[in-house]
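Enquirer: So that we are looking at the same thing, I have put the structure below in structure tokens.
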Amino acid sequence: MDETTSLSPTVSQRDQWMVESQVFQIYQLFATIPPNAQSLMLELQRDKHIDFLTKGLRHLGPNFSVLDANRPWLCYWIIHSIALLGESIDDELHHNTVEFLNLCQDPNGGFAGGPGQMPHLATTYAAVNTLITLGGDKSLASINRDKLYGFLRRMKQPNGGFRMHVEGEIDVRACYTAISVASVLDILDEELTQNVGDYILSCQTYEGGIAGEPGSEAHGGYTFCGLAAMILIGEVNRLDLPRLIEWAVFRQGKECGFQGRTNKLVDGCYSFWQGGAVALLQRLDSVINKQMSEALNISDIAEEKVSLDGTSSDAASHLGHEGKTESCSPDFKNIGYNFINEWRAKDPLFHSIALQQYILLCAQEQDGGLRDKPGKRRDHYHTCYCLSGLSLCQYSWSKHPDSPPLPKAVLGPYSNLLEPIHPLYNVVLERYREAREFFVGGS
């Protein structure tokens, strides 16, 4: 191989340089324009986003036929985005959405991607979150919890994982969607959680992040899913949290947004998947500090043992993995509630202002909708997860999950402020509380 060939950039390098160039051109333009023009660039285009989203809920063109098995997801992405913007849909759309999702609900439990299709854990999660976001007794009562529980039990596997559907794949995404739905509907029990922690633990990689299945690469979406599921089943102390933090925070790059995997391109959707994982970790400082303290103690003991007899201990590598939870019987009913109810002010572990900058300047389309990165087209998926990430950023310094943040925590005009979310379920906090009151009752 000659010197010229060996120095040729890879496809990944060229793609990275191209994205950096596009992003930095936007930032350079922003830095050179007058302050009033900067304010306009940083403004969240609320009305245009609402218009883009509402049109999508009423009608989608033939190009969307490829998403025929994902129709509850389209409902969730759009309706959750509208709720984040502090708006709601009209009564007719509300009624039609509930009726449509009822057609997707399988007689034997769970929700399918469309009427007449087989039930699937991912679309069950999307449908349940949509109905919670719509709110109201009719919407919430339409979920057949008994049948849904039976569907979850049928998807549960002996190794602790879940299948996405009958004869479908087993992965961490399936674990999260099953556990999240069961938790928010108050049907989570030890039958559903048995061995789930073992399966997710087997997916934490040498990098610290969590893969979709054992032996695969750490990934932002699966990391959020695995971490959130471990919190909801009361076993988060089993994960190597210091290593997970290190992996997650270094996914925020020079473009100011997050990448999904090591050496991959920035993508606006990871504003939630990675930003959400870091936001969850921000609330686990007592567990993390305990793990780090125990690691130091084990290290000291191991060094002393080496000095005495020349042997070493592998105990540190198993830190936090022996026990499942401090309590023999976790209070599944209240884990999600307590996670936000016991909120305390903490400094964010990522650069929240920088991430807001990427979302507003690089991911936002001025005509409405948000996107992956400059050069990509807007879509409902990226609109949902960019806005979800933006909400997390804005409330990342708050003393309480829904207390109004200080103006310095919100990039751009304060009118950019979105509704707060429950970070474990990604539903607007007010809607979560209504659903909890409906399914669990007052606490």
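Identifiers in this document derive from the order of the structure tokens: chains are assigned A, B, ..., residues are numbered from 1 separately in each chain, and ligands are numbered from 1 in order of occurrence.
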Using only C-alpha atoms, which protein or nucleic acid residues come within 8 Å of Gly389 in chain A? Drop anything in the same chain fewer than 4 positions from it, and give the result as a list in words.

Expert: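 Everything that qualifies: Cys269, Tyr270, Ser271, Phe272, Trp273, Gly275, Gly276, Tyr385 and Cys393 of chain A.
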
Enquirer: Would you tabulate, counting only C-alpha atoms, all residues of range 53-92 of chain A that have an atom at most 8 Å from an atom of range 107-125 of chain A, showing the closest pair of atoms and their distance in Å to one decimal, sorted by chain then ascending number, as CSV?

Expert:
```
residue,atom,partner,partner_atom,distance
A:Asp68,CA,A:Gly114,CA,6.8
A:Ala69,CA,A:Gly113,CA,4.1
A:Asn70,CA,A:Gly113,CA,4.8
A:Arg71,CA,A:Gly113,CA,5.5
A:Pro72,CA,A:Thr123,CA,5.8
A:Trp73,CA,A:Thr123,CA,6.3
```

Enquirer: What is the CA of Val196 in chain A to CA of Ser329 in chain A distance in Å?

Expert: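 Straight-line distance from CA of Val196 in chain A to CA of Ser329 in chain A works out to 14.7 Å.
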
Enquirer: What's the 9 Å shell around range 260-265 of chain A, counting only C-alpha atoms, without same-chain residues fewer than 5 positions away, as a list of chain:residue names?

Expert: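 That gives A:Ser12, A:Gln13, A:Asp15, A:Gln16, A:Val19, A:Glu217, A:Ala218, A:His219, A:Gly220, A:Gly221, A:Trp247, A:Phe250, A:Arg251, A:Tyr270, A:Trp273, A:Gln274.
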
Enquirer: Quick one: pull the distance between CA of Tyr414 in chain A and CA of Leu74 in chain A, Å, one decimal.

Expert: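 Straight-line distance from CA of Tyr414 in chain A to CA of Leu74 in chain A works out to 28.8 Å.
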
Enquirer: Rank nothing, just name the residue among A:Val98, A:Leu131, A:Ile78, A:Ile33 nearest to Glu434 in chain A, using only C-alpha atoms.

Expert: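 With only C-alpha atoms as the atom set, the closest residue is A:Leu131.
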
Enquirer: Could you give me, as a PyMOL selection string, the residues within 9 Å of Asp372 in chain A, counting only C-alpha atoms and dropping anything in the same chain fewer than 3 positions from it?

Expert: chain A and resi 266-270+362-363+375-379+382-383+386
